[in-house]
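So this one's start-v2.cif, mmCIF, N, CA and C atoms and all ligand atoms:
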data_start
#
loop_
_atom_site.label_atom_id
_atom_site.label_comp_id
_atom_site.auth_asym_id
_atom_site.auth_seq_id
_atom_site.Cartn_x
_atom_site.Cartn_y
_atom_site.Cartn_z
N MET A 91 10.17 -35.32 12.75
CA MET A 91 10.63 -34.97 11.39
C MET A 91 10.10 -33.58 11.01
N GLU A 92 10.94 -32.79 10.32
CA GLU A 92 10.54 -31.44 9.92
C GLU A 92 9.39 -31.50 8.89
N LYS A 93 8.40 -30.62 9.07
CA LYS A 93 7.26 -30.60 8.16
C LYS A 93 7.69 -30.02 6.81
N LYS A 94 7.29 -30.68 5.73
CA LYS A 94 7.68 -30.20 4.39
C LYS A 94 6.80 -29.02 3.99
N ASN A 95 7.44 -27.99 3.39
CA ASN A 95 6.65 -26.89 2.84
C ASN A 95 6.15 -27.30 1.45
N ILE A 96 5.29 -26.45 0.90
CA ILE A 96 4.62 -26.77 -0.37
C ILE A 96 5.63 -27.00 -1.51
N PHE A 97 6.71 -26.22 -1.54
CA PHE A 97 7.69 -26.39 -2.63
C PHE A 97 8.45 -27.70 -2.47
N SER A 98 8.77 -28.07 -1.24
CA SER A 98 9.44 -29.36 -1.02
C SER A 98 8.56 -30.51 -1.48
N LYS A 99 7.26 -30.36 -1.27
CA LYS A 99 6.32 -31.42 -1.70
C LYS A 99 6.24 -31.49 -3.23
N ILE A 100 6.34 -30.32 -3.88
CA ILE A 100 6.34 -30.31 -5.36
C ILE A 100 7.62 -30.96 -5.88
N ILE A 101 8.75 -30.62 -5.27
CA ILE A 101 10.05 -31.15 -5.72
C ILE A 101 10.07 -32.67 -5.67
N CYS A 102 9.53 -33.24 -4.59
CA CYS A 102 9.55 -34.71 -4.50
C CYS A 102 8.27 -35.33 -5.04
N ARG A 103 7.48 -34.52 -5.73
CA ARG A 103 6.28 -34.96 -6.47
C ARG A 103 5.21 -35.55 -5.56
N GLU A 104 5.21 -35.06 -4.34
CA GLU A 104 4.15 -35.45 -3.41
C GLU A 104 2.86 -34.72 -3.77
N ILE A 105 3.00 -33.48 -4.27
CA ILE A 105 1.85 -32.79 -4.84
C ILE A 105 2.22 -32.36 -6.25
N SER A 106 1.19 -32.19 -7.09
CA SER A 106 1.48 -31.98 -8.51
C SER A 106 1.72 -30.50 -8.82
N ALA A 107 2.50 -30.30 -9.87
CA ALA A 107 2.78 -28.97 -10.41
C ALA A 107 3.26 -29.19 -11.83
N ASP A 108 3.21 -28.13 -12.61
CA ASP A 108 3.69 -28.22 -14.00
C ASP A 108 5.21 -28.00 -13.97
N ILE A 109 5.94 -29.09 -13.76
CA ILE A 109 7.40 -29.00 -13.64
C ILE A 109 8.03 -28.95 -15.03
N LEU A 110 8.84 -27.92 -15.26
CA LEU A 110 9.46 -27.70 -16.57
C LEU A 110 10.91 -28.17 -16.59
N TYR A 111 11.53 -28.20 -15.41
CA TYR A 111 12.96 -28.49 -15.36
C TYR A 111 13.31 -28.99 -13.95
N GLN A 112 14.19 -29.99 -13.91
CA GLN A 112 14.70 -30.43 -12.60
C GLN A 112 16.08 -31.03 -12.79
N ASP A 113 16.99 -30.67 -11.89
CA ASP A 113 18.31 -31.33 -11.88
C ASP A 113 18.68 -31.60 -10.42
N ASP A 114 19.94 -31.83 -10.16
CA ASP A 114 20.35 -32.20 -8.79
C ASP A 114 20.23 -31.03 -7.81
N LEU A 115 20.18 -29.80 -8.30
CA LEU A 115 20.20 -28.63 -7.42
C LEU A 115 18.92 -27.81 -7.40
N ILE A 116 18.25 -27.72 -8.54
CA ILE A 116 17.08 -26.83 -8.62
C ILE A 116 15.92 -27.47 -9.40
N THR A 117 14.73 -26.89 -9.19
CA THR A 117 13.52 -27.34 -9.88
C THR A 117 12.78 -26.09 -10.34
N ALA A 118 12.17 -26.17 -11.53
CA ALA A 118 11.38 -25.04 -12.04
C ALA A 118 9.99 -25.53 -12.42
N PHE A 119 8.99 -24.76 -12.01
CA PHE A 119 7.60 -25.14 -12.32
C PHE A 119 6.75 -23.87 -12.46
N ARG A 120 5.60 -24.00 -13.08
CA ARG A 120 4.73 -22.84 -13.29
C ARG A 120 4.05 -22.43 -11.98
N ASP A 121 3.97 -21.12 -11.79
CA ASP A 121 3.28 -20.59 -10.61
C ASP A 121 1.78 -20.90 -10.72
N ILE A 122 1.19 -21.30 -9.62
CA ILE A 122 -0.23 -21.68 -9.61
C ILE A 122 -1.14 -20.47 -9.83
N ASN A 123 -0.63 -19.29 -9.52
CA ASN A 123 -1.43 -18.06 -9.62
C ASN A 123 -0.63 -17.02 -10.42
N PRO A 124 -0.54 -17.25 -11.75
CA PRO A 124 0.40 -16.45 -12.56
C PRO A 124 0.07 -14.96 -12.58
N LYS A 125 1.10 -14.14 -12.42
CA LYS A 125 0.95 -12.68 -12.44
C LYS A 125 1.32 -12.11 -13.82
N ALA A 126 1.67 -12.98 -14.75
CA ALA A 126 2.02 -12.59 -16.12
C ALA A 126 1.79 -13.82 -16.99
N PRO A 127 1.70 -13.66 -18.33
CA PRO A 127 1.47 -14.82 -19.20
C PRO A 127 2.47 -15.96 -18.94
N THR A 128 3.72 -15.60 -18.72
CA THR A 128 4.70 -16.60 -18.27
C THR A 128 5.09 -16.27 -16.84
N HIS A 129 4.86 -17.19 -15.94
CA HIS A 129 5.25 -17.00 -14.53
C HIS A 129 5.73 -18.35 -14.00
N ILE A 130 7.03 -18.43 -13.88
CA ILE A 130 7.67 -19.69 -13.49
C ILE A 130 8.47 -19.46 -12.22
N LEU A 131 8.45 -20.45 -11.34
CA LEU A 131 9.23 -20.39 -10.11
C LEU A 131 10.41 -21.33 -10.24
N ILE A 132 11.58 -20.84 -9.88
CA ILE A 132 12.78 -21.68 -9.83
C ILE A 132 13.14 -21.78 -8.36
N VAL A 133 13.27 -23.00 -7.85
CA VAL A 133 13.45 -23.20 -6.41
C VAL A 133 14.65 -24.11 -6.15
N THR A 134 15.23 -23.96 -4.97
CA THR A 134 16.32 -24.86 -4.58
C THR A 134 15.72 -26.21 -4.17
N ASN A 135 16.43 -27.29 -4.48
CA ASN A 135 15.92 -28.61 -4.09
C ASN A 135 16.00 -28.82 -2.59
N THR A 136 17.05 -28.26 -1.97
CA THR A 136 17.15 -28.37 -0.51
C THR A 136 16.61 -27.07 0.09
N LEU A 137 16.21 -27.15 1.33
CA LEU A 137 15.56 -25.99 1.94
C LEU A 137 16.55 -24.91 2.37
N ILE A 138 16.46 -23.78 1.68
CA ILE A 138 17.10 -22.53 2.11
C ILE A 138 15.91 -21.60 2.32
N PRO A 139 15.59 -21.19 3.54
CA PRO A 139 14.34 -20.44 3.75
C PRO A 139 14.30 -19.10 3.01
N THR A 140 15.34 -18.29 3.17
CA THR A 140 15.31 -16.95 2.56
C THR A 140 16.69 -16.61 2.01
N ASN A 141 16.77 -15.46 1.35
CA ASN A 141 18.07 -15.00 0.83
C ASN A 141 19.06 -14.78 1.97
N ASN A 142 18.56 -14.50 3.17
CA ASN A 142 19.43 -14.29 4.33
C ASN A 142 20.16 -15.57 4.74
N ASP A 143 19.67 -16.70 4.30
CA ASP A 143 20.26 -17.99 4.69
C ASP A 143 21.23 -18.53 3.65
N VAL A 144 21.43 -17.78 2.58
CA VAL A 144 22.34 -18.20 1.51
C VAL A 144 23.79 -18.09 2.02
N THR A 145 24.62 -19.08 1.70
CA THR A 145 26.03 -19.06 2.10
C THR A 145 26.92 -19.29 0.87
N GLU A 146 28.23 -19.21 1.11
CA GLU A 146 29.21 -19.45 0.04
C GLU A 146 29.00 -20.85 -0.58
N ASN A 147 28.51 -21.78 0.21
CA ASN A 147 28.30 -23.15 -0.31
C ASN A 147 27.23 -23.20 -1.39
N ASP A 148 26.44 -22.14 -1.49
CA ASP A 148 25.32 -22.14 -2.44
C ASP A 148 25.66 -21.47 -3.77
N GLU A 149 26.94 -21.12 -3.95
CA GLU A 149 27.31 -20.38 -5.17
C GLU A 149 26.92 -21.12 -6.45
N THR A 150 27.18 -22.41 -6.50
CA THR A 150 26.87 -23.19 -7.71
C THR A 150 25.37 -23.21 -7.94
N THR A 151 24.64 -23.44 -6.87
CA THR A 151 23.17 -23.49 -6.99
C THR A 151 22.62 -22.17 -7.49
N LEU A 152 23.09 -21.08 -6.91
CA LEU A 152 22.55 -19.77 -7.28
C LEU A 152 22.97 -19.38 -8.69
N GLY A 153 24.16 -19.75 -9.09
CA GLY A 153 24.59 -19.52 -10.47
C GLY A 153 23.69 -20.25 -11.44
N ARG A 154 23.31 -21.46 -11.04
CA ARG A 154 22.46 -22.26 -11.91
C ARG A 154 21.07 -21.62 -12.11
N PHE A 155 20.59 -20.91 -11.11
CA PHE A 155 19.29 -20.23 -11.26
C PHE A 155 19.28 -19.38 -12.53
N PHE A 156 20.35 -18.60 -12.72
CA PHE A 156 20.37 -17.67 -13.86
C PHE A 156 20.55 -18.40 -15.19
N ILE A 157 21.33 -19.47 -15.17
CA ILE A 157 21.53 -20.24 -16.40
C ILE A 157 20.22 -20.89 -16.82
N VAL A 158 19.53 -21.50 -15.86
CA VAL A 158 18.27 -22.18 -16.16
C VAL A 158 17.18 -21.16 -16.51
N ALA A 159 17.18 -20.02 -15.84
CA ALA A 159 16.20 -18.97 -16.17
C ALA A 159 16.36 -18.56 -17.64
N ALA A 160 17.59 -18.39 -18.09
CA ALA A 160 17.83 -18.00 -19.48
C ALA A 160 17.37 -19.11 -20.44
N LYS A 161 17.63 -20.36 -20.08
CA LYS A 161 17.20 -21.49 -20.93
C LYS A 161 15.68 -21.56 -21.02
N ILE A 162 15.02 -21.41 -19.88
CA ILE A 162 13.55 -21.48 -19.87
C ILE A 162 12.98 -20.30 -20.66
N ALA A 163 13.56 -19.13 -20.47
CA ALA A 163 13.08 -17.94 -21.21
C ALA A 163 13.16 -18.18 -22.71
N ARG A 164 14.24 -18.81 -23.16
CA ARG A 164 14.37 -19.13 -24.60
C ARG A 164 13.27 -20.10 -25.01
N LYS A 165 13.05 -21.13 -24.20
CA LYS A 165 12.02 -22.14 -24.51
C LYS A 165 10.63 -21.53 -24.54
N GLU A 166 10.39 -20.59 -23.65
CA GLU A 166 9.07 -19.94 -23.56
C GLU A 166 8.93 -18.82 -24.59
N ASN A 167 10.04 -18.61 -25.33
CA ASN A 167 10.07 -17.58 -26.38
C ASN A 167 9.86 -16.16 -25.83
N ILE A 168 10.41 -15.89 -24.67
CA ILE A 168 10.32 -14.54 -24.11
C ILE A 168 11.70 -13.92 -23.93
N ASP A 169 12.72 -14.62 -24.44
CA ASP A 169 14.08 -14.11 -24.24
C ASP A 169 14.31 -12.80 -24.98
N LYS A 170 13.78 -12.69 -26.19
CA LYS A 170 14.02 -11.48 -26.99
C LYS A 170 13.17 -10.32 -26.49
N THR A 171 11.91 -10.60 -26.18
CA THR A 171 11.03 -9.53 -25.70
C THR A 171 11.41 -9.10 -24.29
N GLY A 172 11.90 -10.05 -23.50
CA GLY A 172 12.40 -9.71 -22.17
C GLY A 172 11.55 -10.28 -21.04
N TYR A 173 12.11 -10.22 -19.87
CA TYR A 173 11.45 -10.81 -18.70
C TYR A 173 12.06 -10.21 -17.44
N ARG A 174 11.47 -10.57 -16.31
CA ARG A 174 11.95 -10.06 -15.02
C ARG A 174 12.21 -11.23 -14.08
N LEU A 175 13.31 -11.15 -13.35
CA LEU A 175 13.65 -12.15 -12.34
C LEU A 175 13.55 -11.47 -10.97
N ILE A 176 12.80 -12.10 -10.07
CA ILE A 176 12.56 -11.49 -8.75
C ILE A 176 12.80 -12.51 -7.64
N VAL A 177 13.46 -12.07 -6.59
CA VAL A 177 13.57 -12.88 -5.36
C VAL A 177 13.01 -12.02 -4.21
N ASN A 178 11.96 -12.49 -3.58
CA ASN A 178 11.37 -11.79 -2.44
C ASN A 178 12.00 -12.32 -1.15
N CYS A 179 12.25 -11.43 -0.20
CA CYS A 179 12.84 -11.85 1.07
C CYS A 179 12.05 -11.30 2.25
N ASN A 180 11.54 -12.23 3.04
CA ASN A 180 10.85 -11.91 4.31
C ASN A 180 9.61 -11.03 4.10
N HIS A 181 9.05 -10.60 5.18
CA HIS A 181 7.74 -9.93 5.18
C HIS A 181 7.70 -8.69 4.28
N HIS A 182 8.65 -7.77 4.47
CA HIS A 182 8.62 -6.53 3.68
C HIS A 182 8.92 -6.79 2.21
N GLY A 183 9.59 -7.87 1.92
CA GLY A 183 9.87 -8.24 0.53
C GLY A 183 8.71 -8.97 -0.14
N GLY A 184 7.69 -9.28 0.65
CA GLY A 184 6.51 -9.95 0.09
C GLY A 184 6.67 -11.45 -0.06
N GLN A 185 7.59 -12.04 0.70
CA GLN A 185 7.79 -13.48 0.60
C GLN A 185 6.66 -14.23 1.31
N GLU A 186 6.06 -15.18 0.60
CA GLU A 186 4.96 -15.99 1.17
C GLU A 186 5.43 -17.38 1.52
N ILE A 187 6.28 -17.93 0.67
CA ILE A 187 6.75 -19.30 0.87
C ILE A 187 8.22 -19.24 1.28
N TYR A 188 8.50 -19.75 2.46
CA TYR A 188 9.86 -19.65 3.02
C TYR A 188 10.73 -20.82 2.56
N HIS A 189 10.92 -20.81 1.24
CA HIS A 189 11.78 -21.80 0.56
C HIS A 189 12.34 -21.02 -0.63
N PHE A 190 13.64 -20.77 -0.62
CA PHE A 190 14.26 -19.85 -1.58
C PHE A 190 13.79 -20.13 -3.02
N HIS A 191 13.35 -19.07 -3.68
CA HIS A 191 12.90 -19.22 -5.07
C HIS A 191 13.04 -17.90 -5.82
N MET A 192 13.10 -18.05 -7.13
CA MET A 192 13.16 -16.90 -8.03
C MET A 192 11.94 -16.95 -8.94
N HIS A 193 11.31 -15.79 -9.13
CA HIS A 193 10.20 -15.70 -10.08
C HIS A 193 10.76 -15.31 -11.45
N LEU A 194 10.31 -15.98 -12.47
CA LEU A 194 10.62 -15.62 -13.86
C LEU A 194 9.30 -15.19 -14.49
N LEU A 195 9.21 -13.90 -14.81
CA LEU A 195 7.95 -13.33 -15.30
C LEU A 195 8.16 -12.71 -16.67
N GLY A 196 7.22 -12.93 -17.57
CA GLY A 196 7.33 -12.32 -18.89
C GLY A 196 6.09 -12.59 -19.71
N GLY A 197 6.18 -12.26 -20.99
CA GLY A 197 5.06 -12.49 -21.90
C GLY A 197 4.21 -11.26 -22.14
N LYS A 198 4.53 -10.17 -21.43
CA LYS A 198 3.88 -8.88 -21.66
C LYS A 198 4.80 -7.81 -21.08
N PRO A 199 4.63 -6.55 -21.48
CA PRO A 199 5.45 -5.50 -20.85
C PRO A 199 5.08 -5.41 -19.37
N LEU A 200 6.05 -5.50 -18.52
CA LEU A 200 5.79 -5.52 -17.08
C LEU A 200 5.81 -4.11 -16.47
N GLY A 201 6.33 -3.16 -17.20
CA GLY A 201 6.37 -1.80 -16.70
C GLY A 201 7.40 -1.64 -15.59
N PRO A 202 7.39 -0.44 -14.99
CA PRO A 202 8.36 -0.21 -13.91
C PRO A 202 7.98 -1.03 -12.68
N ILE A 203 8.92 -1.25 -11.80
CA ILE A 203 8.61 -1.93 -10.54
C ILE A 203 7.79 -0.98 -9.70
N ILE A 204 6.61 -1.45 -9.30
CA ILE A 204 5.71 -0.60 -8.49
C ILE A 204 5.90 -0.97 -7.02
N ILE A 205 6.17 0.04 -6.21
CA ILE A 205 6.41 -0.21 -4.79
C ILE A 205 5.22 0.28 -3.98
P1 LIG A 301 6.62 -15.46 -2.83
O1 LIG A 301 5.58 -14.43 -2.50
O2 LIG A 301 6.93 -16.35 -1.65
O3 LIG A 301 7.84 -14.86 -3.46
O4 LIG A 301 5.99 -16.35 -3.96
C1 LIG A 301 5.33 -17.54 -3.74
C2 LIG A 301 4.66 -17.94 -5.04
O5 LIG A 301 4.30 -19.31 -4.93
C3 LIG A 301 3.38 -17.16 -5.35
O6 LIG A 301 3.51 -16.49 -6.60
C4 LIG A 301 2.30 -18.24 -5.39
O7 LIG A 301 1.33 -18.03 -6.39
C5 LIG A 301 3.11 -19.52 -5.63
N1 LIG A 301 2.50 -20.72 -5.07
C6 LIG A 301 1.98 -20.85 -3.82
N2 LIG A 301 1.51 -22.11 -3.64
C7 LIG A 301 1.75 -22.78 -4.80
C8 LIG A 301 1.50 -24.12 -5.21
O8 LIG A 301 0.95 -24.94 -4.48
N3 LIG A 301 1.89 -24.45 -6.47
C9 LIG A 301 2.49 -23.56 -7.31
N4 LIG A 301 2.82 -24.01 -8.52
N5 LIG A 301 2.75 -22.29 -6.95
C10 LIG A 301 2.39 -21.90 -5.71
#
Output the structure of this file as structure tokens.
Amino acid sequence: MEKKNIFSKIICREISADILYQDDLITAFRDINPKAPTHILIVTNTLIPTNNDVTENDETTLGRFFIVAAKIARKENIDKTGYRLIVNCNHHGGQEIYHFHMHLLGGKPLGPIII
């Protein structure tokens, strides 16, 4: 059997996380090591390792990421002040967990993207 990654374990509640949202396609929970006052991860329920593995079949799932990100931003009261959505891909993109996810960051001015 394939070994579950940390996000898969969070999704099926094998390990704990502060889960804010879950439906049939995606799950959102707070990042364990927040880089901003609000730092939430939105992840696919099924394993898509990286953005390179996304296919046409994932259109609904990926569309839902943005809808749920906007809903969570409103709930966290950062919609008006603003926020940043980030997807890291592979080594040069800074991806650590090979389970497709989007970072939702906000709660302070984030400044320009520093490379
Ligand atoms: P990446 O660099 O892959 O885009 O981001 C992975 C993110 O997952 C990091 O921001 C890291 O802090 C977060 N993370 C890693 N392990 C855990 C965990 O066990 N629980 C939670 N909630 N977040 C985690």
Within 8 Å of Thr128 (chain A) using all atoms listed in the file, minus same-chain residues under 3 positions, as a list in words: Arg120, Asp121, Pro124, Lys125, Leu131, Glu166, His193, Leu194, Leu195, Gly196, Gly197 and Lys198 of chain A
Test item: residues at most 8 Å from Asn178 (chain A), all atoms listed in the file, excluding those fewer than 4 positions along its chain, as a PyMOL selection string: chain A and resi 140-141+182-186+190-193
Residue list (alpha helix (DSSP H), DSSP) for region 98-168 of chain A, as a PyMOL selection string: chain A and resi 98-101+149-165
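Minimum distance to Cys102 (chain A) across A:His189, A:Asn135, A:Ala160, A:Phe119 (counting all atoms listed in the file) occurs at A:Asn135.
Here atom N of Pro139 (chain A) stands at a distance of 7.3 Å from atom N of Tyr188 (chain A).
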Is it possible to add N, CA, C and O atoms to region 133-145 of chain A and hand it back as a compact mmCIF listing (two decimals), keeping the file's coordinate frame?
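So the final result, stored in result.txt, reads:
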# COMPACT_ATOMS: atom_id res chain seq x y z
N VAL A 133 13.27 -23.00 -7.85
CA VAL A 133 13.45 -23.20 -6.41
C VAL A 133 14.65 -24.11 -6.15
O VAL A 133 15.01 -24.93 -6.99
N THR A 134 15.23 -23.96 -4.97
CA THR A 134 16.32 -24.86 -4.58
C THR A 134 15.72 -26.21 -4.17
O THR A 134 14.65 -26.26 -3.57
N ASN A 135 16.43 -27.29 -4.48
CA ASN A 135 15.92 -28.61 -4.09
C ASN A 135 16.00 -28.82 -2.59
O ASN A 135 15.16 -29.48 -2.00
N THR A 136 17.05 -28.26 -1.97
CA THR A 136 17.15 -28.37 -0.51
C THR A 136 16.61 -27.07 0.09
O THR A 136 16.58 -26.03 -0.57
N LEU A 137 16.21 -27.15 1.33
CA LEU A 137 15.56 -25.99 1.94
C LEU A 137 16.55 -24.91 2.37
O LEU A 137 17.37 -25.11 3.27
N ILE A 138 16.46 -23.78 1.68
CA ILE A 138 17.10 -22.53 2.11
C ILE A 138 15.91 -21.60 2.32
O ILE A 138 15.20 -21.28 1.35
N PRO A 139 15.59 -21.19 3.54
CA PRO A 139 14.34 -20.44 3.75
C PRO A 139 14.30 -19.10 3.01
O PRO A 139 13.33 -18.81 2.31
N THR A 140 15.34 -18.29 3.17
CA THR A 140 15.31 -16.95 2.56
C THR A 140 16.69 -16.61 2.01
O THR A 140 17.67 -17.31 2.26
N ASN A 141 16.77 -15.46 1.35
CA ASN A 141 18.07 -15.00 0.83
C ASN A 141 19.06 -14.78 1.97
O ASN A 141 20.27 -14.86 1.78
N ASN A 142 18.56 -14.50 3.17
CA ASN A 142 19.43 -14.29 4.33
C ASN A 142 20.16 -15.57 4.74
O ASN A 142 21.15 -15.50 5.48
N ASP A 143 19.67 -16.70 4.30
CA ASP A 143 20.26 -17.99 4.69
C ASP A 143 21.23 -18.53 3.65
O ASP A 143 21.77 -19.63 3.81
N VAL A 144 21.43 -17.78 2.58
CA VAL A 144 22.34 -18.20 1.51
C VAL A 144 23.79 -18.09 2.02
O VAL A 144 24.15 -17.13 2.71
N THR A 145 24.62 -19.08 1.70
CA THR A 145 26.03 -19.06 2.10
C THR A 145 26.92 -19.29 0.87
O THR A 145 26.42 -19.58 -0.22
